[in-house]
Structures are given as structure tokens and as C-alpha cells.
$ cat protein_33.cif   # mmCIF, C-alpha atoms and all ligand atoms
data_input
#
loop_
_atom_site.group_PDB
_atom_site.id
_atom_site.type_symbol
_atom_site.label_atom_id
_atom_site.label_comp_id
_atom_site.auth_asym_id
_atom_site.auth_seq_id
_atom_site.Cartn_x
_atom_site.Cartn_y
_atom_site.Cartn_z
ATOM 1 C CA MET F 1 91.848 152.255 164.115
ATOM 2 C CA SER F 2 90.609 154.477 161.342
ATOM 3 C CA VAL F 3 87.332 152.768 160.590
ATOM 4 C CA GLY F 4 84.658 154.901 158.998
ATOM 5 C CA LYS F 5 85.673 155.270 155.385
ATOM 6 C CA SER F 6 83.674 153.202 152.972
ATOM 7 C CA SER F 7 86.161 150.400 152.334
ATOM 8 C CA LEU F 8 86.108 148.996 155.871
ATOM 9 C CA THR F 9 83.288 147.009 157.460
ATOM 10 C CA LEU F 10 83.397 146.450 161.213
ATOM 11 C CA LEU F 11 82.300 143.194 162.757
ATOM 12 C CA GLU F 12 82.218 143.009 166.542
ATOM 13 C CA ILE F 13 82.384 139.287 167.085
ATOM 14 C CA ALA F 14 84.744 137.562 169.496
ATOM 15 C CA SER F 15 84.421 133.928 168.399
ATOM 16 C CA TRP F 16 86.057 131.906 165.619
ATOM 17 C CA HIS F 17 82.770 130.021 165.169
ATOM 18 C CA PRO F 18 80.085 132.674 165.519
ATOM 19 C CA THR F 19 76.390 132.247 164.807
ATOM 20 C CA ILE F 20 75.310 134.787 162.201
ATOM 21 C CA ALA F 21 71.835 135.587 160.841
ATOM 22 C CA ALA F 22 71.335 134.955 157.118
ATOM 23 C CA SER F 23 70.573 138.630 156.497
ATOM 24 C CA ARG F 24 73.858 139.563 158.155
ATOM 25 C CA THR F 25 75.715 137.078 155.964
ATOM 26 C CA GLU F 26 74.190 138.669 152.856
ATOM 27 C CA ALA F 27 75.300 142.141 153.905
ATOM 28 C CA LEU F 28 78.796 141.010 154.868
ATOM 29 C CA ALA F 29 79.227 139.037 151.637
ATOM 30 C CA HIS F 30 78.136 142.070 149.643
ATOM 31 C CA ALA F 31 80.731 144.207 151.408
ATOM 32 C CA LEU F 32 83.536 141.639 151.180
ATOM 33 C CA GLU F 33 82.882 140.701 147.553
ATOM 34 C CA GLY F 34 82.538 144.386 146.718
ATOM 35 C CA GLY F 35 86.100 144.971 147.885
ATOM 36 C CA ASP F 36 85.773 145.908 151.556
ATOM 37 C CA VAL F 37 88.107 144.775 154.282
ATOM 38 C CA LEU F 38 86.130 143.127 157.093
ATOM 39 C CA VAL F 39 87.690 144.205 160.387
ATOM 40 C CA LEU F 40 87.098 142.134 163.542
ATOM 41 C CA PRO F 41 88.751 144.134 166.328
ATOM 42 C CA LYS F 42 87.629 141.737 169.069
ATOM 43 C CA LEU F 43 88.766 138.504 167.479
ATOM 44 C CA ALA F 44 92.196 137.625 168.859
ATOM 45 C CA PHE F 45 94.119 134.428 168.312
ATOM 46 C CA ALA F 46 94.657 132.768 171.708
ATOM 47 C CA PHE F 47 98.117 131.410 172.366
ATOM 48 C CA GLU F 48 98.495 128.211 174.302
ATOM 49 C CA GLN F 49 101.049 127.900 177.039
ATOM 50 C CA GLY F 50 104.589 128.381 175.759
ATOM 51 C CA GLU F 51 103.608 129.558 172.289
ATOM 52 C CA GLU F 52 104.552 133.177 173.008
ATOM 53 C CA ARG F 53 108.157 132.088 172.594
ATOM 54 C CA PHE F 54 107.527 132.019 168.851
ATOM 55 C CA LEU F 55 107.069 135.798 168.823
ATOM 56 C CA ASP F 56 110.701 136.219 167.856
ATOM 57 C CA ALA F 57 112.307 136.583 164.435
ATOM 58 C CA LYS F 58 114.967 134.034 165.448
ATOM 59 C CA TRP F 59 112.618 131.217 164.378
ATOM 60 C CA SER F 60 112.857 132.378 160.775
ATOM 61 C CA ASP F 61 115.535 130.778 158.653
ATOM 62 C CA ALA F 62 116.204 134.320 157.338
ATOM 63 C CA ARG F 63 116.069 133.315 153.694
ATOM 64 C CA ALA F 64 112.287 133.299 153.519
ATOM 65 C CA LYS F 65 110.082 136.289 154.206
ATOM 66 C CA ASN F 66 107.564 134.179 156.085
ATOM 67 C CA ILE F 67 107.319 130.897 157.913
ATOM 68 C CA SER F 68 104.749 128.909 156.018
ATOM 69 C CA PHE F 69 102.751 125.818 156.661
ATOM 70 C CA ASP F 70 101.212 123.934 153.790
ATOM 71 C CA ALA F 71 99.967 120.346 153.612
ATOM 72 C CA GLY F 72 101.406 119.567 157.049
ATOM 73 C CA LYS F 73 104.913 120.840 156.270
ATOM 74 C CA ILE F 74 106.617 123.827 157.844
ATOM 75 C CA LYS F 75 108.938 125.910 155.673
ATOM 76 C CA GLY F 76 111.207 128.860 156.337
ATOM 77 C CA ALA F 77 111.693 128.087 160.041
ATOM 78 C CA LYS F 78 114.715 126.950 162.021
ATOM 79 C CA GLY F 79 114.982 125.391 165.480
ATOM 80 C CA ALA F 80 114.955 122.079 167.310
ATOM 81 C CA PRO F 81 112.516 119.481 165.948
ATOM 82 C CA GLU F 82 110.309 119.654 169.088
ATOM 83 C CA ASP F 83 110.068 123.428 168.797
ATOM 84 C CA LEU F 84 109.243 123.270 165.100
ATOM 85 C CA ALA F 85 106.558 120.679 165.826
ATOM 86 C CA ASP F 86 105.015 123.058 168.414
ATOM 87 C CA LEU F 87 105.240 125.969 165.978
ATOM 88 C CA GLY F 88 103.577 123.850 163.292
ATOM 89 C CA ARG F 89 100.745 123.002 165.700
ATOM 90 C CA MET F 90 100.222 126.668 166.496
ATOM 91 C CA ILE F 91 100.048 127.629 162.833
ATOM 92 C CA ALA F 92 97.741 124.681 162.083
ATOM 93 C CA ARG F 93 95.419 125.811 164.877
ATOM 94 C CA PHE F 94 95.201 129.250 163.290
ATOM 95 C CA ALA F 95 94.466 127.609 159.925
ATOM 96 C CA ASN F 96 91.527 125.771 161.490
ATOM 97 C CA CYS F 97 90.277 128.931 163.203
ATOM 98 C CA ALA F 98 90.404 130.841 159.913
ATOM 99 C CA SER F 99 88.541 128.184 157.897
ATOM 100 C CA GLU F 100 85.906 127.774 160.612
ATOM 101 C CA LEU F 101 85.392 131.512 160.737
ATOM 102 C CA ILE F 102 84.897 131.778 156.983
ATOM 103 C CA ALA F 103 82.514 128.796 156.965
ATOM 104 C CA ALA F 104 80.497 130.321 159.819
ATOM 105 C CA LEU F 105 80.261 133.791 158.292
ATOM 106 C CA PHE F 106 79.697 132.599 154.705
ATOM 107 C CA PRO F 107 77.957 129.197 154.667
ATOM 108 C CA ARG F 108 77.860 129.201 150.869
ATOM 109 C CA TYR F 109 81.673 129.178 150.772
ATOM 110 C CA ALA F 110 82.024 126.267 153.200
ATOM 111 C CA PRO F 111 82.009 123.306 150.783
ATOM 112 C CA HIS F 112 84.239 125.164 148.279
ATOM 113 C CA GLN F 113 87.056 126.438 150.481
ATOM 114 C CA LYS F 114 90.424 125.298 149.185
ATOM 115 C CA ARG F 115 92.867 125.866 151.987
ATOM 116 C CA ALA F 116 96.194 127.075 150.616
ATOM 117 C CA GLN F 117 99.187 128.206 152.616
ATOM 118 C CA THR F 118 99.134 129.458 156.164
ATOM 119 C CA SER F 119 101.882 131.875 157.114
ATOM 120 C CA PHE F 120 103.402 133.208 160.291
ATOM 121 C CA ARG F 121 105.227 136.481 159.690
ATOM 122 C CA PRO F 122 107.785 137.138 162.416
ATOM 123 C CA HIS F 123 109.694 139.873 160.578
ATOM 124 C CA PRO F 124 108.912 143.600 160.653
ATOM 125 C CA ALA F 125 106.812 144.581 157.638
ATOM 126 C CA LEU F 126 109.268 147.377 156.895
ATOM 127 C CA GLY F 127 112.978 147.199 156.317
ATOM 128 C CA ARG F 128 113.295 144.258 153.991
ATOM 129 C CA ASP F 129 115.490 144.815 151.008
ATOM 130 C CA VAL F 130 113.557 143.406 148.059
ATOM 131 C CA SER F 131 113.027 144.229 144.404
ATOM 132 C CA TRP F 132 110.151 146.592 143.554
ATOM 133 C CA ARG F 133 108.097 143.670 142.281
ATOM 134 C CA LYS F 134 108.268 141.878 145.643
ATOM 135 C CA ASP F 135 107.896 145.065 147.651
ATOM 136 C CA ASP F 136 104.587 144.741 149.507
ATOM 137 C CA THR F 137 104.941 148.253 150.938
ATOM 138 C CA ARG F 138 103.705 149.348 147.503
ATOM 139 C CA LEU F 139 99.965 149.236 146.798
ATOM 140 C CA HIS F 140 98.994 146.141 144.830
ATOM 141 C CA VAL F 141 96.475 143.387 144.280
ATOM 142 C CA ASP F 142 97.816 139.875 144.835
ATOM 143 C CA ALA F 143 98.648 137.822 141.747
ATOM 144 C CA PHE F 144 101.005 134.848 141.843
ATOM 145 C CA PRO F 145 103.365 134.554 138.846
ATOM 146 C CA SER F 146 103.817 130.787 139.069
ATOM 147 C CA ARG F 147 100.280 129.849 140.014
ATOM 148 C CA PRO F 148 97.678 130.730 137.392
ATOM 149 C CA ASN F 149 94.205 130.779 138.946
ATOM 150 C CA ARG F 150 91.943 131.493 135.955
ATOM 151 C CA GLY F 151 89.617 133.741 137.926
ATOM 152 C CA GLU F 152 89.525 131.729 141.131
ATOM 153 C CA ARG F 153 89.471 134.041 144.145
ATOM 154 C CA ILE F 154 92.189 134.692 146.734
ATOM 155 C CA LEU F 155 90.590 135.204 150.140
ATOM 156 C CA ARG F 156 92.882 135.984 153.062
ATOM 157 C CA VAL F 157 92.396 136.015 156.820
ATOM 158 C CA PHE F 158 94.985 137.996 158.815
ATOM 159 C CA CYS F 159 95.520 138.336 162.564
ATOM 160 C CA ASN F 160 97.874 140.719 164.347
ATOM 161 C CA VAL F 161 99.535 138.815 167.214
ATOM 162 C CA ASN F 162 102.047 141.472 168.248
ATOM 163 C CA PRO F 163 102.810 141.216 172.010
ATOM 164 C CA ARG F 164 104.076 144.804 172.414
ATOM 165 C CA GLY F 165 101.034 146.770 171.322
ATOM 166 C CA GLU F 166 102.259 147.475 167.789
ATOM 167 C CA ASP F 167 99.613 147.908 165.120
ATOM 168 C CA ARG F 168 99.842 146.284 161.714
ATOM 169 C CA VAL F 169 99.666 149.281 159.413
ATOM 170 C CA TRP F 170 98.274 149.056 155.902
ATOM 171 C CA ARG F 171 97.462 151.461 153.161
ATOM 172 C CA VAL F 172 94.217 150.506 151.427
ATOM 173 C CA GLY F 173 93.828 151.941 147.960
ATOM 174 C CA GLU F 174 91.012 152.722 145.582
ATOM 175 C CA ARG F 175 88.386 150.233 144.387
ATOM 176 C CA PHE F 176 89.451 147.554 141.925
ATOM 177 C CA GLU F 177 87.413 149.010 139.093
ATOM 178 C CA ALA F 178 88.908 152.490 139.496
ATOM 179 C CA MET F 179 92.418 151.037 139.700
ATOM 180 C CA ALA F 180 91.864 148.928 136.576
ATOM 181 C CA GLU F 181 90.443 151.848 134.624
ATOM 182 C CA HIS F 182 93.648 153.712 135.358
ATOM 183 C CA LEU F 183 96.211 150.945 134.876
ATOM 184 C CA LEU F 184 94.704 148.403 132.465
ATOM 185 C CA PRO F 185 95.322 150.479 129.315
ATOM 186 C CA ARG F 186 99.056 150.211 129.999
ATOM 187 C CA VAL F 187 99.169 146.429 130.419
ATOM 188 C CA ARG F 188 100.614 144.837 127.281
ATOM 189 C CA THR F 189 98.590 142.117 125.604
ATOM 190 C CA MET F 190 99.661 138.525 126.116
ATOM 191 C CA ARG F 191 101.906 137.303 123.324
ATOM 192 C CA ARG F 192 100.945 134.372 121.151
ATOM 193 C CA PHE F 193 102.438 131.158 122.592
ATOM 194 C CA GLU F 194 103.460 133.016 125.793
ATOM 195 C CA ALA F 195 101.211 130.957 128.081
ATOM 196 C CA ALA F 196 102.161 127.674 126.425
ATOM 197 C CA THR F 197 105.876 128.481 126.624
ATOM 198 C CA LEU F 198 105.738 129.431 130.319
ATOM 199 C CA ALA F 199 103.871 126.218 131.113
ATOM 200 C CA ALA F 200 106.298 124.080 129.070
ATOM 201 C CA LEU F 201 109.261 125.665 130.878
ATOM 202 C CA ARG F 202 107.458 125.057 134.208
ATOM 203 C CA VAL F 203 107.643 128.735 135.042
ATOM 204 C CA THR F 204 103.919 128.361 135.701
ATOM 205 C CA LYS F 205 102.068 125.432 137.216
ATOM 206 C CA GLY F 206 99.583 124.938 134.436
ATOM 207 C CA ARG F 207 98.668 127.406 131.777
ATOM 208 C CA ARG F 208 98.394 131.135 132.413
ATOM 209 C CA SER F 209 95.038 132.509 131.277
ATOM 210 C CA GLU F 210 94.634 136.001 129.894
ATOM 211 C CA TYR F 211 93.065 136.871 133.246
ATOM 212 C CA ASP F 212 96.270 135.832 135.047
ATOM 213 C CA HIS F 213 98.334 137.827 132.583
ATOM 214 C CA LEU F 214 96.268 140.979 133.152
ATOM 215 C CA MET F 215 96.296 140.575 136.943
ATOM 216 C CA LEU F 216 100.096 140.282 136.956
ATOM 217 C CA GLY F 217 100.214 143.328 134.703
ATOM 218 C CA LEU F 218 98.067 145.285 137.167
ATOM 219 C CA HIS F 219 100.169 144.094 140.122
ATOM 220 C CA ASP F 220 103.410 145.114 138.410
ATOM 221 C CA GLY F 221 101.958 148.254 136.846
ATOM 222 C CA ALA F 222 100.787 149.597 140.197
ATOM 223 C CA LYS F 223 104.020 148.752 142.018
ATOM 224 C CA ALA F 224 106.218 150.260 139.298
ATOM 225 C CA ASP F 225 104.289 153.531 139.160
ATOM 226 C CA ILE F 226 105.668 155.878 141.826
ATOM 227 C CA ASP F 227 103.172 158.578 140.939
ATOM 228 C CA TYR F 228 100.288 156.113 141.355
ATOM 229 C CA GLN F 229 101.724 154.966 144.680
ATOM 230 C CA ARG F 230 101.857 158.521 146.012
ATOM 231 C CA ASN F 231 98.831 160.123 144.493
ATOM 232 C CA SER F 232 96.080 157.540 144.015
ATOM 233 C CA ALA F 233 93.193 157.567 146.495
ATOM 234 C CA GLN F 234 94.185 155.684 149.630
ATOM 235 C CA GLN F 235 93.799 155.554 153.388
ATOM 236 C CA GLU F 236 95.945 154.345 156.220
ATOM 237 C CA VAL F 237 94.359 151.544 158.237
ATOM 238 C CA ARG F 238 95.778 150.420 161.589
ATOM 239 C CA PHE F 239 95.012 146.931 162.877
ATOM 240 C CA ALA F 240 95.691 146.749 166.610
ATOM 241 C CA PRO F 241 97.008 143.547 168.226
ATOM 242 C CA GLY F 242 94.131 141.145 168.782
ATOM 243 C CA THR F 243 92.451 142.229 165.541
ATOM 244 C CA THR F 244 91.546 139.855 162.730
ATOM 245 C CA TRP F 245 90.746 141.106 159.242
ATOM 246 C CA ILE F 246 89.502 139.451 156.062
ATOM 247 C CA CYS F 247 89.722 140.573 152.461
ATOM 248 C CA TYR F 248 89.900 139.401 148.880
ATOM 249 C CA SER F 249 93.518 140.319 148.290
ATOM 250 C CA ASP F 250 93.119 139.843 144.521
ATOM 251 C CA GLN F 251 90.690 142.769 144.632
ATOM 252 C CA VAL F 252 91.607 145.093 147.503
ATOM 253 C CA MET F 253 94.555 147.391 146.790
ATOM 254 C CA HIS F 254 96.775 146.995 149.842
ATOM 255 C CA ALA F 255 100.270 147.752 151.108
ATOM 256 C CA ALA F 256 101.932 146.723 154.385
ATOM 257 C CA MET F 257 103.501 149.786 156.044
ATOM 258 C CA GLY F 258 104.398 148.596 159.526
ATOM 259 C CA GLY F 259 104.026 146.092 162.315
ATOM 260 C CA GLN F 260 105.496 142.735 163.242
ATOM 261 C CA PHE F 261 104.093 139.271 164.024
ATOM 262 C CA MET F 262 101.046 138.284 162.058
ATOM 263 C CA LEU F 263 99.286 135.082 161.094
ATOM 264 C CA GLU F 264 97.701 134.724 157.673
ATOM 265 C CA GLN F 265 95.567 132.102 155.955
ATOM 266 C CA THR F 266 95.042 131.965 152.192
ATOM 267 C CA ILE F 267 91.863 130.336 150.869
ATOM 268 C CA TYR F 268 91.012 129.802 147.217
ATOM 269 C CA LEU F 269 87.384 129.958 146.165
ATOM 270 C CA PRO F 270 85.834 129.245 142.772
ATOM 271 C CA LEU F 271 83.608 131.896 141.226
ATOM 272 C CA SER F 272 80.646 129.541 141.633
ATOM 273 C CA ALA F 273 80.941 129.828 145.437
ATOM 274 C CA LEU F 274 80.465 133.599 145.441
ATOM 275 C CA TYR F 275 77.307 135.417 146.475
ATOM 276 C CA GLN F 276 77.869 137.982 143.716
ATOM 277 C CA PRO F 277 80.294 136.702 141.075
ATOM 278 C CA ASP F 278 79.682 139.808 138.952
ATOM 279 C CA LEU F 279 81.721 141.859 141.417
ATOM 280 C CA SER F 280 84.809 139.658 141.029
ATOM 281 C CA PRO F 281 87.973 140.919 139.295
ATOM 282 C CA ILE F 282 87.579 138.560 136.340
ATOM 283 C CA ARG F 283 84.044 139.790 135.633
ATOM 284 C CA VAL F 284 85.113 143.421 136.038
ATOM 285 C CA LEU F 285 88.019 142.932 133.606
ATOM 286 C CA GLU F 286 85.818 141.005 131.166
ATOM 287 C CA ARG F 287 83.365 143.902 131.076
ATOM 288 C CA MET F 288 86.230 146.333 130.502
ATOM 289 C CA THR F 289 87.932 144.325 127.747
ATOM 290 C CA GLY F 290 84.733 142.991 126.189
ATOM 291 C CA ARG F 291 85.933 139.380 126.076
ATOM 292 C CA ARG F 292 86.239 136.160 128.067
ATOM 293 C CA LEU F 293 89.526 136.052 129.967
ATOM 294 C CA ALA F 294 89.604 132.413 131.081
ATOM 295 C CA ALA F 295 88.080 129.278 129.616
HETATM 296 O O1 LIG F 301 102.297 141.659 155.483
HETATM 297 C C1 LIG F 301 101.220 142.224 155.344
HETATM 298 O O2 LIG F 301 100.664 142.873 156.245
HETATM 299 C C2 LIG F 301 100.498 142.097 154.025
HETATM 300 C C3 LIG F 301 101.433 141.815 152.900
HETATM 301 C C4 LIG F 301 100.724 141.489 151.611
HETATM 302 O O3 LIG F 301 100.730 142.229 150.683
HETATM 303 C C5 LIG F 301 99.996 140.218 151.497
HETATM 304 O O4 LIG F 301 100.054 139.385 152.415
HETATM 305 O O5 LIG F 301 99.367 140.005 150.461
HETATM 306 FE FE FE F 302 99.616 141.409 148.981
#

$ encode --input "protein_33.cif" --output "C-alpha cells"
Amino acid sequence: MSVGKSSLTLLEIASWHPTIAASRTEALAHALEGGDVLVLPKLAFAFEQGEERFLDAKWSDARAKNISFDAGKIKGAKGAPEDLADLGRMIARFANCASELIAALFPRYAPHQKRAQTSFRPHPALGRDVSWRKDDTRLHVDAFPSRPNRGERILRVFCNVNPRGEDRVWRVGERFEAMAEHLLPRVRTMRRFEAATLAALRVTKGRRSEYDHLMLGLHDGAKADIDYQRNSAQQEVRFAPGTTWICYSDQVMHAAMGGQFMLEQTIYLPLSALYQPDLSPIRVLERMTGRRLAA
């Protein structure tokens, strides 16, 4: 693993419910909220007996990129009901591990964690034929077109569960602020009535804020810019099997370049839960534009 560059912070713990000193929490929160990826190379997800059978792309219904688990329902999977129930239990166990880990590392987040989807990704990261906008092999920050979040944070916990020794390979790009300085000038301003129209047509769940509009513009702007993809500052990061990593994916420029079989938990957090809200994308963009971007 190429740890050492400034955007990775190593954490050598081997438990999903570690005990952490308050001073350590402060330092880790500073790194994470500043846009680092926290890498936990000793934190593997333990399979229970029989669960290894799910390390096969045949469980995917092939339409969806991922198998997802949200509010007790499994989506994107195919198989006998007993198998799908077992798969659901495995994914739910990872969801619990991920939330416990975040609560243990960052006690201030604990009461605010909004658990969103959990995914199991049985397909190779490379080789999917998708439009440029959905192509996660291009550097991007996460922004969801149909789910406005008005500045709320997207925290993600990933774990490589590959049984054959294959790394998950990412590119990690430049800091959010540097990326935004480069790409924000090209993002068009939101049109009058645009947010209201999208909400009325149910394209969005609720109203898109200017923050959401700019984040989608940065996501699309980065992915569409081949020169930016090739030439912006970036590093390859390899996550070996048995490694867990955590990042704010609305802030860290990332691209998936290889690997197969990963678990992922998405957690939403309000700005008020953060140790340093001033480092968050909405505050960075508000300083750059000179105005409030969400009510
Ligand atoms: O599949 C991966 O490794 C990461 C893909 C990605 O961009 C994401 O989950 O936000
Ligand atoms: Fe992403």
C-alpha cells in the first residue's frame, strides 16, 4: 500500500469497536474532515460460516452495479430466498460494524449518524460499460442527482473482502479546495425556477439547493474533463484484502481503478455533528462564492 503521502492517515486498529483516547479522536477527525482517507489495514470483515459463497458475481441480478441493502430490503441480488436472507444478514452485519466503528472513533458523530445504504459490490471495478457521468473510474466527488443534501456530509466506510489477494485500487486526487478553484469557475449558475421544477417533476426528492447544484457541477465537470483526469495531482492507493478505509466521499477526489468484492456503508452527517465544520465542502464553496449556498 502506498501510504506516506499527505492524504492518507494510517490507523492500526483491529477491532470494530476500539477504545480511542480523546486526543487521538481529535487528530483523526482533523485528518478525516480535512479530506484524508483513513486507512485501517488490520481491520478485516470476518465472514461467518458459508458466507464466502457470496464472493461471486452470480448473486448480482446484473442490472444493478451493486447489491444494496437499505431499510431491511435487499436490492440488485438474485438467488433462492434462503440465500438472499443469508446475504442480507451478512450485509446488515457489516452495516452494524461500520456504524459502531464510526461511533467509537468519533463519539461526537454517534447521536447524529444517519445510516443510508449499505452495498456489496461483487463486480470488478473495471470493465463496466457506463456513460461518462456514471463512470467511477474517473476522479470525482460524490454528489447524488436525485437526493439533495443541502450541505449534509457523505461519510463512507469501505472494506475490501477479496478472497484471492486482489487489491482495491483507487486514484486519490487533489484537495477539495484546489479542485474547486480549478473547476468551479466553469460550473454554470443555477437557473431561476430550476430547483422548483426538478422537485415538482420528482426528479429530485425535495428541493435542490445551490450547494447541491454546484456539487453536481463539480462532479460532472471533473468527470467530463479528460485533461483534468490525466494531469491533475493524484496518487494511486492500493487497499489490500482485509483493509477497511473511511473517507468523506463528498470531499475526497476518488476513482476506482481495480479490484473486486467490497462492502460499503454510507452515513449521512449534519454539519452540526462535525468537529470542524469550516473544513466542509459547503463552507469551502461559500467562502469561494461569497454567499450562503443552502438555507
Ligand atoms: O467502487 C469503488 O471502489 C468506489 C466507487 C465510488 O466512486 C464510490 O463508491 O463512491
Ligand atoms: Fe464515488

$ resolve_selection --input "protein_33.cif" --expression "the PyMOL selection byres (((chain F and resi 188) around 12) and not hetatm)" --output "PyMOL selection string"
chain F and resi 183-187+189-191+210+213-218+220-221

$ residues_near_point --input "protein_33.cif" --point "(109.4, 118.0, 159.8)" --cutoff "12 Å" --atoms "only C-alpha atoms" --output "count of residues only"
21

$ closest_residue --input "protein_33.cif" --among "F:Pro241, F:Pro145, F:Gly290, F:Pro122" --to "Arg202 in chain F" --atoms "all atoms listed in the file"
F:Pro145

$ atom_distance --input "protein_33.cif" --atom1 "CA of Phe54 in chain F" --atom2 "CA of Ala240 in chain F"
19.0 Å

$ residues_around --input "protein_33.cif" --residues "Ala116 in chain F" --least-positions-apart "3" --cutoff "7 Å" --atoms "all atoms listed in the file" --output "list of chain:residue names"
F:Asp70, F:Thr266, F:Ile267, F:Tyr268

$ write_last_selection --input "protein_33.cif" --atoms "C-alpha atoms" --output "short mmCIF file (atom, residue, chain, number, x, y, z; two decimals), in the frame of the given file"
data_model
loop_
_atom_site.label_atom_id
_atom_site.label_comp_id
_atom_site.auth_asym_id
_atom_site.auth_seq_id
_atom_site.Cartn_x
_atom_site.Cartn_y
_atom_site.Cartn_z
CA ASP F 70 101.21 123.93 153.79
CA THR F 266 95.04 131.96 152.19
CA ILE F 267 91.86 130.34 150.87
CA TYR F 268 91.01 129.80 147.22
#

$ closest_residue --input "protein_33.cif" --among "F:Ser280, F:Thr289, F:Thr137, F:Ser68" --to "Ala125 in chain F" --atoms "all atoms listed in the file"
F:Thr137

$ closest_atom_pairs --input "protein_33.cif" --of "chain F" --to "ligand FE 302 (chain F)" --cutoff "8 Å" --atoms "only C-alpha atoms and all ligand atoms" --output "JSON lines"
{"residue": "F:Asp136", "atom": "CA", "partner": "F:FE302", "partner_atom": "FE", "distance": 6.0}
{"residue": "F:His140", "atom": "CA", "partner": "F:FE302", "partner_atom": "FE", "distance": 6.3}
{"residue": "F:Val141", "atom": "CA", "partner": "F:FE302", "partner_atom": "FE", "distance": 6.0}
{"residue": "F:Asp142", "atom": "CA", "partner": "F:FE302", "partner_atom": "FE", "distance": 4.8}
{"residue": "F:Ser249", "atom": "CA", "partner": "F:FE302", "partner_atom": "FE", "distance": 6.2}
{"residue": "F:His254", "atom": "CA", "partner": "F:FE302", "partner_atom": "FE", "distance": 6.3}
{"residue": "F:Ala255", "atom": "CA", "partner": "F:FE302", "partner_atom": "FE", "distance": 6.7}
{"residue": "F:Ala256", "atom": "CA", "partner": "F:FE302", "partner_atom": "FE", "distance": 7.9}

$ closest_residue --input "protein_33.cif" --among "F:Tyr228, F:Tyr275, F:Tyr211, F:Trp245" --to "ligand LIG 301 (chain F)" --atoms "all atoms listed in the file"
F:Trp245

$ residues_around --input "protein_33.cif" --residues "Val157 in chain F" --least-positions-apart "4" --cutoff "10 Å" --atoms "all atoms listed in the file" --output "MDAnalysis selection string"
chainID F and resid 38 94:95 97:99 101:102 118 244:249 263:267

$ build_atoms --input "protein_33.cif" --residues "range 35-51 of chain F" --atoms "N, CA, C and O atoms" --output "PDB file, keeping the file's coordinate frame"
ATOM      1  N   GLY F  35      84.762 144.422 147.716  1.00  0.00           N
ATOM      2  CA  GLY F  35      86.100 144.971 147.885  1.00  0.00           C
ATOM      3  C   GLY F  35      86.358 145.640 149.222  1.00  0.00           C
ATOM      4  O   GLY F  35      87.342 146.365 149.375  1.00  0.00           O
ATOM      5  N   ASP F  36      85.506 145.393 150.215  1.00  0.00           N
ATOM      6  CA  ASP F  36      85.773 145.908 151.556  1.00  0.00           C
ATOM      7  C   ASP F  36      86.736 144.990 152.309  1.00  0.00           C
ATOM      8  O   ASP F  36      86.841 143.803 152.006  1.00  0.00           O
ATOM      9  N   VAL F  37      87.369 145.569 153.295  1.00  0.00           N
ATOM     10  CA  VAL F  37      88.107 144.775 154.282  1.00  0.00           C
ATOM     11  C   VAL F  37      87.172 144.608 155.478  1.00  0.00           C
ATOM     12  O   VAL F  37      86.654 145.601 155.999  1.00  0.00           O
ATOM     13  N   LEU F  38      86.923 143.360 155.879  1.00  0.00           N
ATOM     14  CA  LEU F  38      86.130 143.127 157.093  1.00  0.00           C
ATOM     15  C   LEU F  38      87.086 143.154 158.280  1.00  0.00           C
ATOM     16  O   LEU F  38      88.055 142.392 158.315  1.00  0.00           O
ATOM     17  N   VAL F  39      86.807 144.030 159.234  1.00  0.00           N
ATOM     18  CA  VAL F  39      87.690 144.205 160.387  1.00  0.00           C
ATOM     19  C   VAL F  39      86.999 143.673 161.640  1.00  0.00           C
ATOM     20  O   VAL F  39      85.884 144.100 161.963  1.00  0.00           O
ATOM     21  N   LEU F  40      87.651 142.753 162.330  1.00  0.00           N
ATOM     22  CA  LEU F  40      87.098 142.134 163.542  1.00  0.00           C
ATOM     23  C   LEU F  40      88.011 142.475 164.721  1.00  0.00           C
ATOM     24  O   LEU F  40      88.912 141.711 165.069  1.00  0.00           O
ATOM     25  N   PRO F  41      87.804 143.642 165.319  1.00  0.00           N
ATOM     26  CA  PRO F  41      88.751 144.134 166.328  1.00  0.00           C
ATOM     27  C   PRO F  41      88.735 143.345 167.631  1.00  0.00           C
ATOM     28  O   PRO F  41      89.626 143.515 168.460  1.00  0.00           O
ATOM     29  N   LYS F  42      87.706 142.503 167.814  1.00  0.00           N
ATOM     30  CA  LYS F  42      87.629 141.737 169.069  1.00  0.00           C
ATOM     31  C   LYS F  42      87.994 140.279 168.900  1.00  0.00           C
ATOM     32  O   LYS F  42      87.804 139.488 169.814  1.00  0.00           O
ATOM     33  N   LEU F  43      88.477 139.924 167.714  1.00  0.00           N
ATOM     34  CA  LEU F  43      88.766 138.504 167.479  1.00  0.00           C
ATOM     35  C   LEU F  43      90.273 138.259 167.505  1.00  0.00           C
ATOM     36  O   LEU F  43      90.966 138.372 166.490  1.00  0.00           O
ATOM     37  N   ALA F  44      90.770 137.906 168.682  1.00  0.00           N
ATOM     38  CA  ALA F  44      92.196 137.625 168.859  1.00  0.00           C
ATOM     39  C   ALA F  44      92.460 136.136 168.676  1.00  0.00           C
ATOM     40  O   ALA F  44      91.563 135.312 168.841  1.00  0.00           O
ATOM     41  N   PHE F  45      93.692 135.833 168.345  1.00  0.00           N
ATOM     42  CA  PHE F  45      94.119 134.428 168.312  1.00  0.00           C
ATOM     43  C   PHE F  45      94.727 134.114 169.676  1.00  0.00           C
ATOM     44  O   PHE F  45      95.644 134.796 170.116  1.00  0.00           O
ATOM     45  N   ALA F  46      94.194 133.085 170.351  1.00  0.00           N
ATOM     46  CA  ALA F  46      94.657 132.768 171.708  1.00  0.00           C
ATOM     47  C   ALA F  46      95.870 131.837 171.651  1.00  0.00           C
ATOM     48  O   ALA F  46      95.802 130.756 171.064  1.00  0.00           O
ATOM     49  N   PHE F  47      96.939 132.281 172.267  1.00  0.00           N
ATOM     50  CA  PHE F  47      98.117 131.410 172.366  1.00  0.00           C
ATOM     51  C   PHE F  47      97.906 130.375 173.450  1.00  0.00           C
ATOM     52  O   PHE F  47      97.259 130.644 174.458  1.00  0.00           O
ATOM     53  N   GLU F  48      98.459 129.201 173.232  1.00  0.00           N
ATOM     54  CA  GLU F  48      98.495 128.211 174.302  1.00  0.00           C
ATOM     55  C   GLU F  48      99.821 128.355 175.037  1.00  0.00           C
ATOM     56  O   GLU F  48     100.735 129.032 174.561  1.00  0.00           O
ATOM     57  N   GLN F  49      99.873 127.724 176.184  1.00  0.00           N
ATOM     58  CA  GLN F  49     101.049 127.900 177.039  1.00  0.00           C
ATOM     59  C   GLN F  49     102.357 127.617 176.290  1.00  0.00           C
ATOM     60  O   GLN F  49     102.488 126.584 175.632  1.00  0.00           O
ATOM     61  N   GLY F  50     103.276 128.567 176.365  1.00  0.00           N
ATOM     62  CA  GLY F  50     104.589 128.381 175.759  1.00  0.00           C
ATOM     63  C   GLY F  50     104.687 128.907 174.332  1.00  0.00           C
ATOM     64  O   GLY F  50     105.788 129.096 173.814  1.00  0.00           O
ATOM     65  N   GLU F  51     103.554 129.154 173.704  1.00  0.00           N
ATOM     66  CA  GLU F  51     103.608 129.558 172.289  1.00  0.00           C
ATOM     67  C   GLU F  51     104.113 130.982 172.089  1.00  0.00           C
ATOM     68  O   GLU F  51     104.579 131.323 171.003  1.00  0.00           O
TER      69      GLU F  51
END
